[in-house]
file data-v5.cif (mmCIF, C-alpha atoms)
data_work
#
loop_
_atom_site.group_PDB
_atom_site.id
_atom_site.type_symbol
_atom_site.label_atom_id
_atom_site.label_comp_id
_atom_site.auth_asym_id
_atom_site.auth_seq_id
_atom_site.Cartn_x
_atom_site.Cartn_y
_atom_site.Cartn_z
ATOM 1 C CA MET A 895 0.000 0.000 0.000
ATOM 2 C CA ASP A 896 1.426 3.367 -1.034
ATOM 3 C CA LEU A 897 0.943 5.785 1.870
ATOM 4 C CA LYS A 898 1.112 9.441 0.942
ATOM 5 C CA PRO A 899 1.448 12.147 3.601
ATOM 6 C CA SER A 900 -1.620 13.939 2.237
ATOM 7 C CA LEU A 901 -3.771 10.983 3.284
ATOM 8 C CA PHE A 902 -3.030 11.819 6.900
ATOM 9 C CA LYS A 903 -3.767 15.542 6.788
ATOM 10 C CA THR A 904 -6.661 15.687 9.212
ATOM 11 C CA SER A 905 -6.132 18.851 11.213
ATOM 12 C CA SER A 906 -4.474 22.125 10.296
ATOM 13 C CA LEU A 907 -3.379 22.369 13.948
ATOM 14 C CA LEU A 908 -1.311 19.222 13.668
ATOM 15 C CA VAL A 909 -0.014 19.141 10.132
ATOM 16 C CA ASN A 910 3.319 20.755 9.337
ATOM 17 C CA SER A 911 2.979 22.032 5.790
ATOM 18 C CA ASN A 912 6.589 23.225 5.947
ATOM 19 C CA ILE A 913 8.376 19.879 5.894
ATOM 20 C CA GLY A 914 12.082 20.462 5.522
ATOM 21 C CA ARG A 915 12.026 23.859 7.223
ATOM 22 C CA LYS A 916 13.726 24.186 10.582
ATOM 23 C CA PRO A 917 11.194 24.057 13.438
ATOM 24 C CA PHE A 918 11.296 26.565 16.310
ATOM 25 C CA SER A 919 12.947 23.993 18.545
ATOM 26 C CA THR A 920 14.832 20.729 18.110
ATOM 27 C CA VAL A 921 12.509 18.992 20.603
ATOM 28 C CA LEU A 922 8.800 18.232 20.301
ATOM 29 C CA LEU A 923 6.655 17.262 23.290
ATOM 30 C CA ILE A 924 3.478 15.384 22.375
ATOM 31 C CA GLY A 925 0.977 15.219 25.210
ATOM 32 C CA TYR A 926 -2.078 13.064 24.805
ATOM 33 C CA GLY A 927 -5.034 12.013 26.894
ATOM 34 C CA ASP A 928 -8.510 13.068 27.944
ATOM 35 C CA PRO A 929 -8.385 16.205 30.110
ATOM 36 C CA GLU A 930 -12.060 15.689 30.991
ATOM 37 C CA ARG A 931 -11.203 12.439 32.829
ATOM 38 C CA GLU A 932 -9.123 13.543 35.813
ATOM 39 C CA ASP A 933 -5.659 11.961 35.713
ATOM 40 C CA ARG A 934 -6.066 10.721 32.123
ATOM 41 C CA GLY A 935 -5.439 14.357 31.154
ATOM 42 C CA ILE A 936 -2.222 14.677 33.140
ATOM 43 C CA ALA A 937 -0.220 15.562 30.014
ATOM 44 C CA TRP A 938 -2.133 18.858 29.808
ATOM 45 C CA HIS A 939 -1.306 19.572 33.458
ATOM 46 C CA VAL A 940 2.362 18.794 32.748
ATOM 47 C CA PHE A 941 2.258 21.368 29.918
ATOM 48 C CA LEU A 942 0.686 23.946 32.261
ATOM 49 C CA ASP A 943 3.305 23.296 34.935
ATOM 50 C CA LEU A 944 6.119 23.449 32.378
ATOM 51 C CA ALA A 945 4.752 26.782 31.099
ATOM 52 C CA ARG A 946 4.600 28.089 34.691
ATOM 53 C CA CYS A 947 8.216 27.044 35.344
ATOM 54 C CA MET A 948 9.369 28.703 32.122
ATOM 55 C CA ASN A 949 7.339 31.877 32.796
ATOM 56 C CA ARG A 950 5.314 31.312 29.621
ATOM 57 C CA THR A 951 1.599 31.059 29.007
ATOM 58 C CA ILE A 952 -0.602 28.560 27.247
ATOM 59 C CA PRO A 953 -4.397 28.449 27.470
ATOM 60 C CA VAL A 954 -5.597 27.315 30.885
ATOM 61 C CA GLU A 955 -8.461 25.364 29.319
ATOM 62 C CA PRO A 956 -7.236 22.205 27.615
ATOM 63 C CA ARG A 957 -7.498 22.307 23.871
ATOM 64 C CA GLU A 958 -5.965 20.454 21.004
ATOM 65 C CA GLY A 959 -3.206 22.299 19.253
ATOM 66 C CA PHE A 960 0.382 23.265 18.670
ATOM 67 C CA TYR A 961 2.221 25.565 21.067
ATOM 68 C CA SER A 962 5.541 27.263 20.475
ATOM 69 C CA SER A 963 6.204 30.497 22.287
ATOM 70 C CA GLY A 964 9.750 30.497 23.516
ATOM 71 C CA PHE A 965 9.691 27.134 25.278
ATOM 72 C CA PRO A 966 12.733 24.903 25.214
ATOM 73 C CA ALA A 967 10.496 22.566 23.218
ATOM 74 C CA ASP A 968 7.532 22.863 20.897
ATOM 75 C CA MET A 969 4.401 21.178 22.255
ATOM 76 C CA ILE A 970 1.358 19.462 20.787
ATOM 77 C CA PHE A 971 -1.634 18.295 22.783
ATOM 78 C CA VAL A 972 -4.082 15.779 21.289
ATOM 79 C CA PRO A 973 -6.770 13.524 22.762
ATOM 80 C CA GLN A 974 -5.124 10.487 21.158
ATOM 81 C CA LEU A 975 -2.191 9.702 18.901
ATOM 82 C CA ILE A 976 -2.904 9.760 15.179
ATOM 83 C CA PRO A 977 -0.702 8.855 12.186
ATOM 84 C CA SER A 978 -0.603 12.460 10.897
ATOM 85 C CA LEU A 979 1.639 13.346 13.854
ATOM 86 C CA ALA A 980 4.427 11.671 11.847
ATOM 87 C CA GLU A 981 4.415 14.636 9.494
ATOM 88 C CA ARG A 982 4.704 17.112 12.365
ATOM 89 C CA MET A 983 7.545 15.153 14.023
ATOM 90 C CA VAL A 984 9.781 14.663 11.008
ATOM 91 C CA ASP A 985 11.865 17.843 11.381
ATOM 92 C CA TYR A 986 12.649 17.416 15.083
ATOM 93 C CA GLU A 987 15.723 15.754 16.555
ATOM 94 C CA ARG A 988 13.967 14.487 19.718
ATOM 95 C CA THR A 989 10.368 13.802 20.691
ATOM 96 C CA CYS A 990 8.835 12.944 24.036
ATOM 97 C CA PHE A 991 5.353 11.438 24.217
ATOM 98 C CA ILE A 992 3.576 12.231 27.509
ATOM 99 C CA THR A 993 0.494 10.397 28.744
ATOM 100 C CA ALA A 994 -1.108 8.561 31.657
ATOM 101 C CA HIS A 995 -1.103 4.872 32.518
ATOM 102 C CA THR A 996 -3.464 3.026 34.862
ATOM 103 C CA ASP A 997 -1.419 -0.033 35.807
ATOM 104 C CA PRO A 998 -1.130 -0.109 39.624
ATOM 105 C CA GLU A 999 1.792 -2.565 39.328
ATOM 106 C CA THR A 1000 3.848 -0.065 37.298
ATOM 107 C CA GLU A 1001 5.902 2.731 38.864
ATOM 108 C CA PRO A 1002 4.057 6.071 39.079
ATOM 109 C CA ILE A 1003 6.508 7.797 36.701
ATOM 110 C CA VAL A 1004 7.922 5.724 33.852
ATOM 111 C CA TRP A 1005 10.451 6.882 31.252
ATOM 112 C CA THR A 1006 11.070 4.656 28.249
ATOM 113 C CA GLU A 1007 13.385 5.298 25.331
ATOM 114 C CA ILE A 1008 11.675 4.156 22.138
ATOM 115 C CA GLU A 1009 14.221 1.898 20.484
ATOM 116 C CA GLU A 1010 14.261 1.616 16.698
ATOM 117 C CA ASP A 1011 14.185 -2.166 16.766
ATOM 118 C CA SER A 1012 10.981 -2.163 18.842
ATOM 119 C CA ILE A 1013 8.848 -0.092 16.491
ATOM 120 C CA GLY A 1014 6.777 -1.028 13.513
ATOM 121 C CA LEU A 1015 3.703 -0.109 11.582
ATOM 122 C CA PRO A 1016 0.543 -1.252 13.360
ATOM 123 C CA GLU A 1017 -1.251 -4.490 12.692
ATOM 124 C CA SER A 1018 -4.333 -2.980 14.320
ATOM 125 C CA GLN A 1019 -5.925 0.454 14.477
ATOM 126 C CA ALA A 1020 -4.166 1.284 17.748
ATOM 127 C CA VAL A 1021 -1.635 4.086 17.419
ATOM 128 C CA ASP A 1022 1.125 4.291 20.012
ATOM 129 C CA PRO A 1023 4.379 6.286 20.108
ATOM 130 C CA GLY A 1024 6.229 3.532 18.236
ATOM 131 C CA THR A 1025 3.620 3.662 15.470
ATOM 132 C CA CYS A 1026 4.145 7.418 15.070
ATOM 133 C CA ILE A 1027 7.911 6.920 14.808
ATOM 134 C CA ALA A 1028 7.514 4.028 12.335
ATOM 135 C CA THR A 1029 5.082 6.067 10.217
ATOM 136 C CA SER A 1030 7.560 8.948 10.092
ATOM 137 C CA MET A 1031 10.316 6.555 8.978
ATOM 138 C CA GLU A 1032 8.057 4.923 6.374
ATOM 139 C CA LEU A 1033 6.774 8.176 4.869
ATOM 140 C CA PHE A 1034 9.745 10.513 5.218
ATOM 141 C CA GLY A 1035 12.786 8.281 5.676
ATOM 142 C CA ARG A 1036 13.617 9.740 9.090
ATOM 143 C CA ALA A 1037 12.200 10.140 12.577
ATOM 144 C CA PRO A 1038 13.321 11.820 15.766
ATOM 145 C CA LYS A 1039 14.852 9.925 18.662
ATOM 146 C CA ALA A 1040 11.960 9.382 21.024
ATOM 147 C CA ALA A 1041 11.116 8.869 24.663
ATOM 148 C CA HIS A 1042 7.826 8.031 26.343
ATOM 149 C CA LEU A 1043 6.899 9.548 29.711
ATOM 150 C CA SER A 1044 3.978 7.816 31.371
ATOM 151 C CA ILE A 1045 2.456 9.041 34.637
ATOM 152 C CA ARG A 1046 0.134 6.990 36.823
ATOM 153 C CA ALA A 1047 -3.566 7.860 36.576
ATOM 154 C CA PHE A 1048 -5.043 7.202 40.002
ATOM 155 C CA GLU A 1049 -8.548 8.531 39.269
ATOM 156 C CA THR A 1050 -10.396 8.667 35.938
ATOM 157 C CA GLY A 1051 -13.752 10.206 36.819
ATOM 158 C CA ARG A 1052 -15.404 13.138 35.057
ATOM 159 C CA SER A 1053 -13.332 16.139 36.101
ATOM 160 C CA ARG A 1054 -10.657 18.443 34.702
ATOM 161 C CA SER A 1055 -8.836 18.382 38.037
ATOM 162 C CA LEU A 1056 -6.111 15.929 38.928
ATOM 163 C CA SER A 1057 -6.466 13.545 41.842
ATOM 164 C CA ARG A 1058 -4.499 14.357 44.989
ATOM 165 C CA GLN A 1059 -1.978 11.584 44.194
ATOM 166 C CA ALA A 1060 -1.382 12.762 40.614
ATOM 167 C CA SER A 1061 -1.137 16.390 41.769
ATOM 168 C CA GLU A 1062 1.585 15.345 44.205
ATOM 169 C CA LEU A 1063 3.528 13.697 41.352
ATOM 170 C CA LEU A 1064 3.313 16.740 39.076
ATOM 171 C CA PRO A 1065 6.312 18.714 40.458
ATOM 172 C CA GLU A 1066 8.561 15.638 40.185
ATOM 173 C CA VAL A 1067 7.330 14.908 36.651
ATOM 174 C CA THR A 1068 7.977 18.509 35.587
ATOM 175 C CA GLU A 1069 11.446 18.467 37.139
ATOM 176 C CA GLN A 1070 12.290 15.208 35.353
ATOM 177 C CA LEU A 1071 10.980 16.624 32.064
ATOM 178 C CA LEU A 1072 13.043 19.807 32.492
ATOM 179 C CA ASN A 1073 16.123 17.643 33.176
ATOM 180 C CA TRP A 1074 15.368 15.576 30.061
ATOM 181 C CA LEU A 1075 15.048 18.776 28.022
ATOM 182 C CA ALA A 1076 18.366 20.036 29.402
ATOM 183 C CA SER A 1077 20.027 16.728 28.514
ATOM 184 C CA THR A 1078 18.774 16.976 24.910
ATOM 185 C CA ALA A 1079 20.379 20.410 24.561
ATOM 186 C CA SER A 1080 23.851 19.043 25.263
#
call {"tool": "encode", "arguments": {"input": "data-v5.cif", "output": "C-alpha cells"}}
result
Amino acid sequence: MDLKPSLFKTSSLLVNSNIGRKPFSTVLLIGYGDPEREDRGIAWHVFLDLARCMNRTIPVEPREGFYSSGFPADMIFVPQLIPSLAERMVDYERTCFITAHTDPETEPIVWTEIEEDSIGLPESQAVDPGTCIATSMELFGRAPKAAHLSIRAFETGRSRSLSRQASELLPEVTEQLLNWLASTAS
C-alpha cells in the first residue's frame, strides 16, 4: 500500500505544511489524553506546569493544538495519537510522548526510550508512540529519537482536576521533564 502524507492531513493544527524547514525547537513534546477524565489528562497539566516554570503562558483550558512560544520545546496536545503526527515530528531531533497509565503494578513515573528495533507499523488500528515513529520513517525516511513519559492515573472520573496523588507527582514529573530537556540540549 502506497501511503502518501496527504492521506493523513486531518487537522491544520497538527499538520506541518513546511516539511524540511527548521522548526522553532529541536525537541517536540506530544501530550495526549482526555483532560475531561481527571488523571487521564495529566499531560495537559504537565504542559501547564512546564509553562509556569518557564514563565510562559498557554491556554488554561485544555485544547488540542500546537504551542511554540519560547519554550525549550515545541508542544502538541491531542486527545489520542494519530498517524498524521508523523508529518509534524519529522523535522525534530527528539520527541517525548507524555500520557497517563493506569497499571497499579507499574511505577508512578515511567520513562522509556523508544528503540528503533521495537517499532513497527501497526497491525491494528491502535496508534502508540512507536507507530508514530515508524510512520515517520516509512513516509519521510527519518524520525526523531523518542522517549515516552507515562504518569500513573489514580482517578479517571469526570473532572478536569487531577487527583491528589497525581497532583503530588506533578512537580517531580515537571522536574524530570526539564532535566530531560536540558540533557537533549547538550
call {"tool": "residues_around", "arguments": {"input": "data-v5.cif", "residues": "range 996-1001 of chain A", "least_positions_apart": "5", "cutoff": "8 Å", "atoms": "all atoms listed in the file", "output": "list of chain:residue names"}}
result
A:Arg1046, A:Ala1047, A:Phe1048
call {"tool": "axis_aligned_box", "arguments": {"input": "data-v5.cif", "around": "range 1026-1035 of chain A", "padding_each_side": "6 Å", "output": "lines of an AutoDock Vina configuration file"}}
result
center_x = 8.5
center_y = 7.3
center_z = 10.0
size_x = 20.6
size_y = 18.5
size_z = 22.2
call {"tool": "closest_residue", "arguments": {"input": "data-v5.cif", "among": "A:Val1004, A:Met969, A:Leu1072, A:Ala1028", "to": "Val984 in chain A", "atoms": "only C-alpha atoms"}}
result
A:Ala1028
call {"tool": "residues_near_point", "arguments": {"input": "data-v5.cif", "point": "(8.0, 15.7, 32.9)", "cutoff": "12 Å", "atoms": "all atoms listed in the file", "output": "ChimeraX atom specification"}}
result
/A:923-925,936-945,947,990-994,1003-1005,1041-1045,1063-1076
call {"tool": "closest_residue", "arguments": {"input": "data-v5.cif", "among": "A:Asn949, A:Ser1055, A:Ser1030, A:Ser978", "to": "Pro929 in chain A", "atoms": "all atoms listed in the file"}}
result
A:Ser1055
call {"tool": "closest_residue", "arguments": {"input": "data-v5.cif", "among": "A:Glu1032, A:Arg946, A:Tyr986, A:Gly935", "to": "Val972 in chain A", "atoms": "only C-alpha atoms"}}
result
A:Gly935
call {"tool": "closest_residue", "arguments": {"input": "data-v5.cif", "among": "A:Ala980, A:Met1031, A:Ala1040, A:Ile1008", "to": "Thr1078 in chain A", "atoms": "all atoms listed in the file"}}
result
A:Ala1040
call {"tool": "atom_distance", "arguments": {"input": "data-v5.cif", "atom1": "CA of Asp928 in chain A", "atom2": "CA of Ile970 in chain A"}}
result
13.8 Å
call {"tool": "residues_around", "arguments": {"input": "data-v5.cif", "residues": "Ala1079 in chain A", "least_positions_apart": "6", "cutoff": "12 Å", "atoms": "all atoms listed in the file", "output": "PyMOL selection string"}}
result
chain A and resi 919-921+966-967+987-988+1072-1073
call {"tool": "atom_distance", "arguments": {"input": "data-v5.cif", "atom1": "CA of Ile952 in chain A", "atom2": "CA of Ser1057 in chain A"}}
result
21.7 Å
call {"tool": "atom_distance", "arguments": {"input": "data-v5.cif", "atom1": "CA of Thr1025 in chain A", "atom2": "CA of Pro977 in chain A"}}
result
7.5 Å
call {"tool": "closest_residue", "arguments": {"input": "data-v5.cif", "among": "A:Asp1022, A:Asp968, A:Glu955, A:Glu932", "to": "Ala1060 in chain A", "atoms": "only C-alpha atoms"}}
result
A:Glu932
call {"tool": "residues_around", "arguments": {"input": "data-v5.cif", "residues": "Gly1051 in chain A", "least_positions_apart": "2", "cutoff": "7 Å", "atoms": "all atoms listed in the file", "output": "ChimeraX atom specification"}}
result
/A:931-932,1049,1053
call {"tool": "write_last_selection", "arguments": {"input": "data-v5.cif", "atoms": "C-alpha atoms", "output": "mmCIF file, in the coordinates of the input"}}
result
data_model
loop_
_atom_site.group_PDB
_atom_site.id
_atom_site.type_symbol
_atom_site.label_atom_id
_atom_site.label_comp_id
_atom_site.auth_asym_id
_atom_site.auth_seq_id
_atom_site.Cartn_x
_atom_site.Cartn_y
_atom_site.Cartn_z
ATOM 1 C CA ARG A 931 -11.203 12.439 32.829
ATOM 2 C CA GLU A 932 -9.123 13.543 35.813
ATOM 3 C CA GLU A 1049 -8.548 8.531 39.269
ATOM 4 C CA SER A 1053 -13.332 16.139 36.101
#
